[in-house]
file model18.txt (compact mmCIF, C-alpha atoms)
# COMPACT_ATOMS: atom_id res chain seq x y z
CA MET A 1443 -10.26 58.66 136.55
CA PHE A 1444 -10.58 61.73 134.37
CA THR A 1445 -9.54 62.74 130.86
CA LEU A 1446 -7.63 65.88 129.98
CA PRO A 1447 -9.48 68.08 127.46
CA ASN A 1448 -8.32 67.97 123.88
CA GLN A 1449 -5.65 70.67 123.77
CA GLY A 1450 -6.31 71.34 120.07
CA GLN A 1451 -10.01 72.02 120.65
CA GLY A 1452 -9.21 74.17 123.69
CA ALA A 1453 -6.79 76.26 121.69
CA LEU A 1454 -9.34 76.62 118.87
CA LYS A 1455 -12.04 77.83 121.29
CA LEU A 1456 -9.60 80.22 122.92
CA GLY A 1457 -8.59 81.53 119.50
CA LYS A 1458 -12.20 82.11 118.49
CA ALA A 1459 -12.94 83.92 121.74
CA PHE A 1460 -9.85 86.10 121.29
CA LEU A 1461 -10.86 86.87 117.69
CA ALA A 1462 -14.40 87.82 118.75
CA LEU A 1463 -13.04 90.07 121.50
CA SER A 1464 -10.65 91.66 119.02
CA PHE A 1465 -13.50 92.43 116.62
CA LEU A 1466 -15.57 93.97 119.45
CA THR A 1467 -12.63 96.06 120.59
CA LEU A 1468 -11.93 97.19 117.02
CA ALA A 1469 -15.60 98.07 116.48
CA SER A 1470 -15.63 100.05 119.72
CA LEU A 1471 -12.47 101.91 118.73
CA ASN A 1472 -13.93 102.65 115.29
CA GLN A 1473 -17.10 104.05 116.90
CA GLN A 1474 -15.08 106.21 119.26
CA SER A 1475 -12.94 107.46 116.37
CA HIS A 1476 -16.06 108.20 114.31
CA ALA A 1477 -17.59 110.12 117.22
CA GLN A 1478 -14.39 112.10 117.83
CA ASN A 1479 -14.29 113.16 114.18
CA TYR A 1480 -18.03 113.76 113.96
CA PRO A 1481 -19.12 115.82 112.20
CA ASN A 1482 -16.58 116.58 109.50
CA ARG A 1483 -19.11 117.62 106.86
CA THR A 1484 -22.62 119.05 106.54
CA VAL A 1485 -25.34 117.51 108.72
CA LYS A 1486 -28.88 117.44 107.33
CA MET A 1487 -31.91 117.60 109.59
CA VAL A 1488 -35.05 116.44 107.79
CA VAL A 1489 -38.30 117.98 109.05
CA PRO A 1490 -41.26 115.96 107.66
CA LEU A 1491 -43.56 118.97 108.18
CA THR A 1492 -44.08 122.32 106.50
CA THR A 1493 -41.91 125.37 107.05
CA GLY A 1494 -43.23 127.26 110.05
CA SER A 1495 -44.42 124.15 111.88
CA GLY A 1496 -43.49 123.72 115.54
CA ALA A 1497 -40.79 121.13 114.84
CA ASP A 1498 -39.40 123.30 112.04
CA ILE A 1499 -39.09 126.31 114.37
CA ALA A 1500 -37.42 124.35 117.20
CA GLY A 1501 -35.19 122.51 114.73
CA ARG A 1502 -33.91 125.72 113.13
CA VAL A 1503 -33.07 127.25 116.51
CA VAL A 1504 -31.02 124.22 117.57
CA ALA A 1505 -29.47 123.72 114.09
CA LYS A 1506 -28.00 127.22 114.24
CA SER A 1507 -26.46 126.53 117.64
CA LEU A 1508 -25.05 123.16 116.54
CA SER A 1509 -23.53 124.73 113.43
CA GLU A 1510 -21.54 127.05 115.67
CA THR A 1511 -20.54 124.24 118.06
CA TRP A 1512 -19.54 121.79 115.34
CA LYS A 1513 -18.03 124.34 112.93
CA GLN A 1514 -20.01 122.57 110.22
CA SER A 1515 -23.21 123.48 108.38
CA VAL A 1516 -26.38 122.01 109.85
CA ILE A 1517 -29.18 122.45 107.34
CA ILE A 1518 -32.94 121.99 107.65
CA GLU A 1519 -34.69 120.20 104.79
CA ASN A 1520 -38.50 120.22 104.84
CA ARG A 1521 -40.08 117.10 103.36
CA PRO A 1522 -43.80 117.32 104.29
CA GLY A 1523 -46.55 114.94 103.28
CA ALA A 1524 -48.56 111.90 104.39
CA GLY A 1525 -48.63 112.91 108.04
CA GLY A 1526 -44.85 113.11 108.20
CA LEU A 1527 -44.27 109.65 106.71
CA ILE A 1528 -42.51 110.90 103.56
CA GLY A 1529 -39.77 112.80 105.36
CA THR A 1530 -39.42 110.10 108.00
CA GLY A 1531 -38.91 107.53 105.24
CA VAL A 1532 -36.07 109.61 103.82
CA VAL A 1533 -34.21 109.37 107.14
CA VAL A 1534 -35.01 105.68 107.68
CA ASN A 1535 -33.44 104.86 104.30
CA SER A 1536 -30.36 107.06 104.72
CA GLU A 1537 -26.88 106.00 105.80
CA PRO A 1538 -26.70 105.39 109.58
CA ASP A 1539 -23.73 107.69 110.07
CA GLY A 1540 -25.26 110.65 111.91
CA TYR A 1541 -25.28 112.96 108.89
CA THR A 1542 -29.02 112.64 108.19
CA LEU A 1543 -31.29 113.19 111.18
CA LEU A 1544 -35.04 113.43 111.68
CA VAL A 1545 -36.60 116.38 113.53
CA GLN A 1546 -40.24 115.61 114.28
CA SER A 1547 -42.95 116.59 116.73
CA ALA A 1548 -45.11 114.41 118.97
CA SER A 1549 -46.70 113.25 115.71
CA TYR A 1550 -43.92 110.64 115.66
CA ALA A 1551 -45.62 109.01 118.65
CA ALA A 1552 -49.14 109.67 117.33
CA ASN A 1553 -48.72 108.08 113.88
CA PRO A 1554 -48.67 104.44 115.11
CA ALA A 1555 -52.14 105.04 116.55
CA ILE A 1556 -53.51 106.26 113.22
CA TYR A 1557 -51.92 104.05 110.58
CA LYS A 1558 -52.49 100.29 110.36
CA LYS A 1559 -49.13 99.76 108.76
CA LEU A 1560 -46.31 102.26 108.75
CA PRO A 1561 -43.59 102.00 106.08
CA TYR A 1562 -41.09 101.72 108.95
CA ASP A 1563 -40.99 100.36 112.49
CA PRO A 1564 -41.08 103.33 114.92
CA LEU A 1565 -39.41 101.17 117.58
CA LYS A 1566 -36.70 99.62 115.42
CA SER A 1567 -36.10 101.65 112.24
CA LEU A 1568 -34.89 104.74 114.07
CA VAL A 1569 -32.85 105.52 117.18
CA ASP A 1570 -34.19 107.99 119.75
CA VAL A 1571 -31.51 110.67 120.06
CA ALA A 1572 -32.71 113.73 121.96
CA ILE A 1573 -35.69 115.86 122.90
CA LEU A 1574 -35.54 119.46 121.71
CA GLY A 1575 -38.15 120.88 124.06
CA GLN A 1576 -41.80 120.97 125.07
CA THR A 1577 -44.57 123.52 124.60
CA PRO A 1578 -48.31 123.61 125.18
CA TYR A 1579 -50.89 123.84 122.45
CA VAL A 1580 -52.92 127.01 122.37
CA MET A 1581 -56.54 126.62 121.32
CA ILE A 1582 -57.20 129.38 118.80
CA THR A 1583 -60.33 130.61 117.05
CA ALA A 1584 -61.13 133.52 114.71
CA ALA A 1585 -60.60 136.90 116.38
CA ASP A 1586 -64.02 138.07 115.18
CA GLY A 1587 -65.67 134.66 115.54
CA PRO A 1588 -68.60 133.65 117.75
CA TYR A 1589 -66.59 131.90 120.47
CA GLN A 1590 -65.41 134.09 123.33
CA SER A 1591 -64.52 131.21 125.64
CA ILE A 1592 -64.15 127.44 125.98
CA ARG A 1593 -67.64 127.40 127.51
CA ASP A 1594 -69.11 129.12 124.42
CA LEU A 1595 -67.57 126.52 122.13
CA VAL A 1596 -68.67 123.55 124.25
CA ILE A 1597 -72.24 124.83 124.52
CA ALA A 1598 -72.42 125.38 120.74
CA ALA A 1599 -70.95 121.94 120.01
CA LYS A 1600 -73.42 120.20 122.31
CA SER A 1601 -76.34 122.01 120.70
CA LYS A 1602 -75.16 121.07 117.20
CA PRO A 1603 -73.42 117.67 117.49
CA GLY A 1604 -71.40 116.69 114.43
CA GLU A 1605 -71.77 120.08 112.73
CA ILE A 1606 -68.91 122.24 114.04
CA THR A 1607 -65.47 121.74 112.48
CA PHE A 1608 -61.96 121.78 113.90
CA ALA A 1609 -58.64 122.01 112.07
CA SER A 1610 -55.49 119.91 112.38
CA ALA A 1611 -52.07 119.80 110.77
CA GLY A 1612 -52.99 116.48 109.15
CA VAL A 1613 -54.59 113.13 109.88
CA GLY A 1614 -52.64 111.43 112.65
CA SER A 1615 -50.74 114.57 113.60
CA SER A 1616 -50.37 115.39 117.27
CA THR A 1617 -52.60 118.44 116.71
CA HIS A 1618 -55.32 116.07 115.46
CA LEU A 1619 -55.17 113.81 118.51
CA ALA A 1620 -54.83 116.75 120.92
CA ALA A 1621 -58.13 118.10 119.57
CA GLU A 1622 -59.72 114.65 119.80
CA TYR A 1623 -58.61 114.51 123.43
CA PHE A 1624 -60.29 117.88 124.03
CA ASN A 1625 -63.50 116.57 122.43
CA GLN A 1626 -63.41 113.48 124.66
CA VAL A 1627 -62.90 115.46 127.87
CA MET A 1628 -65.67 117.89 126.95
CA GLY A 1629 -68.04 115.19 125.69
CA ILE A 1630 -68.58 116.80 122.29
CA LYS A 1631 -68.59 115.58 118.68
CA LEU A 1632 -67.01 117.71 115.96
CA ILE A 1633 -65.94 117.30 112.33
CA HIS A 1634 -62.22 116.95 111.64
CA VAL A 1635 -60.73 119.03 108.81
CA PRO A 1636 -57.07 118.07 108.16
CA TYR A 1637 -54.62 120.51 106.53
CA LYS A 1638 -51.15 120.19 105.07
CA GLY A 1639 -49.56 121.77 108.12
CA SER A 1640 -49.89 124.34 110.92
CA PRO A 1641 -49.62 127.48 108.73
CA GLU A 1642 -52.56 126.35 106.59
CA ALA A 1643 -54.62 125.27 109.61
CA ILE A 1644 -54.00 128.60 111.33
CA ALA A 1645 -54.93 130.55 108.17
CA ASP A 1646 -58.31 128.83 107.80
CA THR A 1647 -59.07 129.11 111.51
CA MET A 1648 -58.25 132.82 111.35
CA SER A 1649 -60.74 133.21 108.51
CA GLY A 1650 -63.43 131.36 110.43
CA ARG A 1651 -63.61 128.34 108.11
CA THR A 1652 -62.96 126.10 111.10
CA ALA A 1653 -64.07 126.70 114.68
CA PHE A 1654 -60.73 126.05 116.34
CA TYR A 1655 -57.22 124.70 115.98
CA MET A 1656 -55.01 123.22 118.69
CA ALA A 1657 -51.98 125.16 117.49
CA PRO A 1658 -48.46 124.58 118.77
CA LEU A 1659 -47.81 127.74 120.77
CA ASP A 1660 -44.56 128.48 118.95
CA THR A 1661 -46.32 128.49 115.56
CA ALA A 1662 -49.26 130.72 116.56
CA ILE A 1663 -47.55 133.20 118.87
CA GLY A 1664 -47.11 135.78 116.10
CA GLN A 1665 -50.82 135.78 115.25
CA LEU A 1666 -51.68 135.90 118.96
CA LYS A 1667 -49.44 138.90 119.61
CA GLY A 1668 -50.83 140.60 116.50
CA GLY A 1669 -54.43 140.06 117.57
CA LYS A 1670 -55.21 138.05 114.43
CA VAL A 1671 -56.68 135.14 116.40
CA ARG A 1672 -58.39 134.74 119.75
CA ALA A 1673 -56.91 132.34 122.28
CA LEU A 1674 -59.40 130.20 124.17
CA GLY A 1675 -56.74 128.65 126.40
CA VAL A 1676 -53.40 126.87 126.65
CA THR A 1677 -53.30 123.12 127.25
CA SER A 1678 -50.73 123.09 130.06
CA LYS A 1679 -51.92 122.91 133.68
CA THR A 1680 -50.68 126.44 134.31
CA ARG A 1681 -50.15 129.50 132.13
CA ASN A 1682 -47.14 129.80 129.85
CA ALA A 1683 -44.59 132.54 130.58
CA ALA A 1684 -44.50 133.61 126.92
CA VAL A 1685 -48.26 134.39 126.96
CA PRO A 1686 -49.17 134.86 130.64
CA GLU A 1687 -52.38 136.62 129.70
CA ILE A 1688 -53.85 133.39 128.26
CA ALA A 1689 -55.59 131.23 130.84
CA SER A 1690 -55.07 127.49 130.83
CA ILE A 1691 -58.03 125.29 129.92
CA ALA A 1692 -57.56 123.57 133.30
CA GLU A 1693 -58.18 126.77 135.25
CA GLN A 1694 -61.36 127.49 133.29
CA GLY A 1695 -63.27 124.76 135.07
CA TYR A 1696 -61.66 121.67 133.53
CA PRO A 1697 -58.91 120.77 136.06
CA ALA A 1698 -58.26 117.33 134.56
CA PHE A 1699 -57.36 118.72 131.14
CA GLU A 1700 -53.69 118.72 130.17
CA ILE A 1701 -51.82 117.74 127.02
CA GLY A 1702 -48.58 119.02 125.56
CA LEU A 1703 -46.46 119.06 122.44
CA TRP A 1704 -42.81 118.16 122.14
CA PHE A 1705 -40.10 117.99 119.49
CA GLY A 1706 -37.30 115.46 119.12
CA VAL A 1707 -34.43 114.13 117.04
CA TRP A 1708 -33.98 110.62 115.66
CA ALA A 1709 -31.27 108.89 113.63
CA PRO A 1710 -31.41 105.81 111.36
CA ALA A 1711 -31.08 102.46 113.12
CA GLY A 1712 -27.46 101.34 113.15
CA THR A 1713 -26.05 104.81 113.84
CA PRO A 1714 -23.02 104.27 116.11
CA ALA A 1715 -23.95 104.63 119.78
CA ALA A 1716 -20.99 106.94 120.34
CA VAL A 1717 -22.27 109.29 117.63
CA VAL A 1718 -25.80 109.22 119.09
CA LYS A 1719 -24.35 110.08 122.49
CA LYS A 1720 -22.33 112.97 121.04
CA ILE A 1721 -25.33 114.43 119.24
CA ASN A 1722 -27.42 114.10 122.41
CA THR A 1723 -24.73 115.74 124.55
CA ASP A 1724 -24.26 118.63 122.11
CA ILE A 1725 -28.02 119.21 121.72
CA ASN A 1726 -28.44 119.27 125.51
CA GLN A 1727 -25.51 121.67 125.74
CA SER A 1728 -27.09 123.93 123.12
CA MET A 1729 -29.99 124.45 125.54
CA GLN A 1730 -27.55 126.52 127.61
CA ASP A 1731 -26.80 128.78 124.65
CA PRO A 1732 -28.16 132.27 125.49
CA GLU A 1733 -29.53 132.65 121.94
CA VAL A 1734 -31.36 129.32 122.16
CA LYS A 1735 -32.75 130.21 125.60
CA THR A 1736 -34.04 133.57 124.33
CA ALA A 1737 -35.55 132.06 121.17
CA TYR A 1738 -37.22 129.30 123.19
CA GLU A 1739 -38.60 131.68 125.82
CA THR A 1740 -39.97 133.99 123.11
CA LYS A 1741 -41.74 131.07 121.43
CA GLY A 1742 -42.99 129.47 124.64
CA ILE A 1743 -40.77 126.37 124.35
CA LYS A 1744 -39.32 124.81 127.50
CA ALA A 1745 -35.98 122.99 127.33
CA THR A 1746 -36.23 119.58 129.00
CA PRO A 1747 -32.91 117.76 128.31
CA MET A 1748 -32.92 113.95 128.44
CA SER A 1749 -30.39 111.21 127.78
CA PRO A 1750 -31.08 108.89 124.79
CA THR A 1751 -32.39 106.25 127.22
CA GLU A 1752 -34.70 108.71 128.98
CA PHE A 1753 -35.97 110.04 125.66
CA ALA A 1754 -36.66 106.51 124.37
CA LYS A 1755 -38.74 105.77 127.49
CA PHE A 1756 -40.61 109.07 127.10
CA VAL A 1757 -41.44 108.36 123.43
CA ARG A 1758 -42.89 104.95 124.26
CA GLU A 1759 -45.05 106.42 127.01
CA GLU A 1760 -46.33 109.02 124.54
CA MET A 1761 -47.15 106.29 122.00
CA ALA A 1762 -49.28 104.52 124.60
CA LYS A 1763 -51.08 107.78 125.43
CA TYR A 1764 -51.96 108.49 121.80
CA GLN A 1765 -53.10 104.90 121.27
CA LYS A 1766 -55.59 105.40 124.09
CA ILE A 1767 -56.84 108.74 122.70
CA ALA A 1768 -57.29 107.27 119.19
CA LYS A 1769 -59.13 104.24 120.56
CA GLU A 1770 -61.53 106.32 122.64
CA ALA A 1771 -62.15 108.64 119.66
CA ASN A 1772 -63.03 105.59 117.55
CA ILE A 1773 -60.50 106.62 114.94
CA GLU A 1774 -60.25 103.79 112.44
CA PRO A 1775 -56.56 103.24 111.55
CA GLN A 1776 -55.92 104.05 107.88
call {"tool": "encode", "arguments": {"input": "model18.txt", "output": "structure tokens"}}
result
Amino acid sequence: MFTLPNQGQGALKLGKAFLALSFLTLASLNQQSHAQNYPNRTVKMVVPLTTGSGADIAGRVVAKSLSETWKQSVIIENRPGAGGLIGTGVVVNSEPDGYTLLVQSASYAANPAIYKKLPYDPLKSLVDVAILGQTPYVMITAADGPYQSIRDLVIAAKSKPGEITFASAGVGSSTHLAAEYFNQVMGIKLIHVPYKGSPEAIADTMSGRTAFYMAPLDTAIGQLKGGKVRALGVTSKTRNAAVPEIASIAEQGYPAFEIGLWFGVWAPAGTPAAVVKKINTDINQSMQDPEVKTAYETKGIKATPMSPTEFAKFVREEMAKYQKIAKEANIEPQ
């Protein structure tokens, strides 16, 4: 013997399921509509670094292309300070509608290794949108300084441990950890001198106040071409097409050495997935723009388009890499 289910309860459950499905469908339609109409006003890209930094340069190139594609203004707003945390916080606390975006360098992945407690969750407070490109660092020193080669610098550092200085674009910046990685591979101990950003670090390295700076290639290429600094090597495995005359550090007797810089775009958590996808698609499409290609090639930036999912995986791998570098350098989280 069996009992028929209560028809009233069955109808109620069916009604709830239908209502839930209706809400999901409506939300999906709203997202699609939002994406189709996006953007219909000015889009702001916040760069938490100084003007002239690597992320700033890459961001401005892509912003110009997007402005033409979207027929809307795409503006760059520099909000430097606290290793990029100030500008990042501005984006985290903005409306999740796609109209305020973060353009940051690999420092986004380096910061969790440096700070005990960030004012945001790098895995949850922001959505990984797109990578803008990758470039090597170029190790620069004063043009009239004492170091003619990597070997000269390493020999000097080993003879005077803890006395020679190196510059960075700030504590926890990718330029800081890239230099620490160099020190680890070479087995040397140097003194870290953090600056507000790349322009300031380059200026003091040019003057000889610091021994070297792991400069993003796109920020130092002007000084390199003008002979204002000496290049000791690029950090990619092979030479970069923009500066083929500069040997890689790997080919100078350190085959295991390789580290690179990259730039990306993030949006506040809660930004509609359809909008994130549209921004990603249009950024990847901008890489085919002849003006973007020329600007990137001139600056030594390589376009490496990724989907949001691929970029998210890449960012997490980079975070793990910087955690390892910071740990081995005995950097005490601030």
call {"tool": "atom_distance", "arguments": {"input": "model18.txt", "atom1": "CA of Thr1680 in chain A", "atom2": "CA of Gln1626 in chain A"}}
result
20.6 Å
call {"tool": "axis_aligned_box", "arguments": {"input": "model18.txt", "around": "range 1750-1754 of chain A", "padding_each_side": "3 Å", "output": "lines of an AutoDock Vina configuration file"}}
result
center_x = -33.9
center_y = 108.1
center_z = 126.7
size_x = 11.6
size_y = 9.8
size_z = 10.6
call {"tool": "closest_residue", "arguments": {"input": "model18.txt", "among": "A:Lys1755, A:Lys1766, A:Arg1521, A:Lys1741", "to": "Thr1661 in chain A", "atoms": "only C-alpha atoms"}}
result
A:Lys1741
call {"tool": "residues_around", "arguments": {"input": "model18.txt", "residues": "range 1644-1654 of chain A", "least_positions_apart": "2", "cutoff": "8 Å", "atoms": "all atoms listed in the file", "output": "list in words"}}
result
Met1581, Ile1582, Thr1583, Ala1584, Ala1585, Gly1587, Ile1606, Thr1607, Phe1608, Ala1609, Val1635, Ser1640, Pro1641, Glu1642, Met1656, Ala1657, Ala1662, Lys1670 and Val1671 of chain A
call {"tool": "residues_around", "arguments": {"input": "model18.txt", "residues": "range 1610-1621 of chain A", "least_positions_apart": "3", "cutoff": "7 Å", "atoms": "all atoms listed in the file", "output": "list in words"}}
result
Gly1525, Ala1548, Ser1549, Ala1552, Asn1553, Ile1556, Phe1624, Asn1625, Val1635, Pro1636, Tyr1637, Lys1638, Gly1639, Ser1640, Ala1643, Tyr1655, Met1656, Ala1657, Ile1701, Ile1767 and Ala1768 of chain A
call {"tool": "write_last_selection", "arguments": {"input": "model18.txt", "atoms": "C-alpha atoms", "output": "PDB file, in the frame of the given file"}}
result
ATOM      1  CA  GLY A1525     -48.630 112.910 108.040  1.00  0.00           C
ATOM      2  CA  ALA A1548     -45.110 114.410 118.970  1.00  0.00           C
ATOM      3  CA  SER A1549     -46.700 113.250 115.710  1.00  0.00           C
ATOM      4  CA  ALA A1552     -49.140 109.670 117.330  1.00  0.00           C
ATOM      5  CA  ASN A1553     -48.720 108.080 113.880  1.00  0.00           C
ATOM      6  CA  ILE A1556     -53.510 106.260 113.220  1.00  0.00           C
ATOM      7  CA  PHE A1624     -60.290 117.880 124.030  1.00  0.00           C
ATOM      8  CA  ASN A1625     -63.500 116.570 122.430  1.00  0.00           C
ATOM      9  CA  VAL A1635     -60.730 119.030 108.810  1.00  0.00           C
ATOM     10  CA  PRO A1636     -57.070 118.070 108.160  1.00  0.00           C
ATOM     11  CA  TYR A1637     -54.620 120.510 106.530  1.00  0.00           C
ATOM     12  CA  LYS A1638     -51.150 120.190 105.070  1.00  0.00           C
ATOM     13  CA  GLY A1639     -49.560 121.770 108.120  1.00  0.00           C
ATOM     14  CA  SER A1640     -49.890 124.340 110.920  1.00  0.00           C
ATOM     15  CA  ALA A1643     -54.620 125.270 109.610  1.00  0.00           C
ATOM     16  CA  TYR A1655     -57.220 124.700 115.980  1.00  0.00           C
ATOM     17  CA  MET A1656     -55.010 123.220 118.690  1.00  0.00           C
ATOM     18  CA  ALA A1657     -51.980 125.160 117.490  1.00  0.00           C
ATOM     19  CA  ILE A1701     -51.820 117.740 127.020  1.00  0.00           C
ATOM     20  CA  ILE A1767     -56.840 108.740 122.700  1.00  0.00           C
ATOM     21  CA  ALA A1768     -57.290 107.270 119.190  1.00  0.00           C
TER      22      ALA A1768
END
call {"tool": "closest_atom_pairs", "arguments": {"input": "model18.txt", "of": "range 1705-1764 of chain A", "to": "range 1509-1518 of chain A", "cutoff": "10 Å", "atoms": "all atoms listed in the file", "output": "JSON lines"}}
result
{"residue": "A:Asp1724", "atom": "CA", "partner": "A:Thr1511", "partner_atom": "CA", "distance": 7.9}
{"residue": "A:Ile1725", "atom": "CA", "partner": "A:Thr1511", "partner_atom": "CA", "distance": 9.7}
{"residue": "A:Gln1727", "atom": "CA", "partner": "A:Thr1511", "partner_atom": "CA", "distance": 9.5}
{"residue": "A:Ser1728", "atom": "CA", "partner": "A:Thr1511", "partner_atom": "CA", "distance": 8.3}
call {"tool": "residues_near_point", "arguments": {"input": "model18.txt", "point": "(-33.2, 128.6, 122.5)", "cutoff": "9 Å", "atoms": "only C-alpha atoms", "output": "PyMOL selection string"}}
result
chain A and resi 1500+1503-1504+1507+1728-1741+1743-1745
call {"tool": "atom_distance", "arguments": {"input": "model18.txt", "atom1": "CA of Tyr1541 in chain A", "atom2": "CA of Thr1713 in chain A"}}
result
9.6 Å
call {"tool": "closest_residue", "arguments": {"input": "model18.txt", "among": "A:Asn1726, A:Leu1674, A:Lys1763, A:Lys1667", "to": "Asp1594 in chain A", "atoms": "all atoms listed in the file"}}
result
A:Leu1674
call {"tool": "closest_residue", "arguments": {"input": "model18.txt", "among": "A:Ile1633, A:Ala1524, A:Thr1577, A:Ala1572", "to": "Gly1604 in chain A", "atoms": "all atoms listed in the file"}}
result
A:Ile1633
call {"tool": "closest_residue", "arguments": {"input": "model18.txt", "among": "A:Pro1747, A:Gly1629, A:Pro1710, A:Pro1481", "to": "Leu1508 in chain A", "atoms": "only C-alpha atoms"}}
result
A:Pro1481
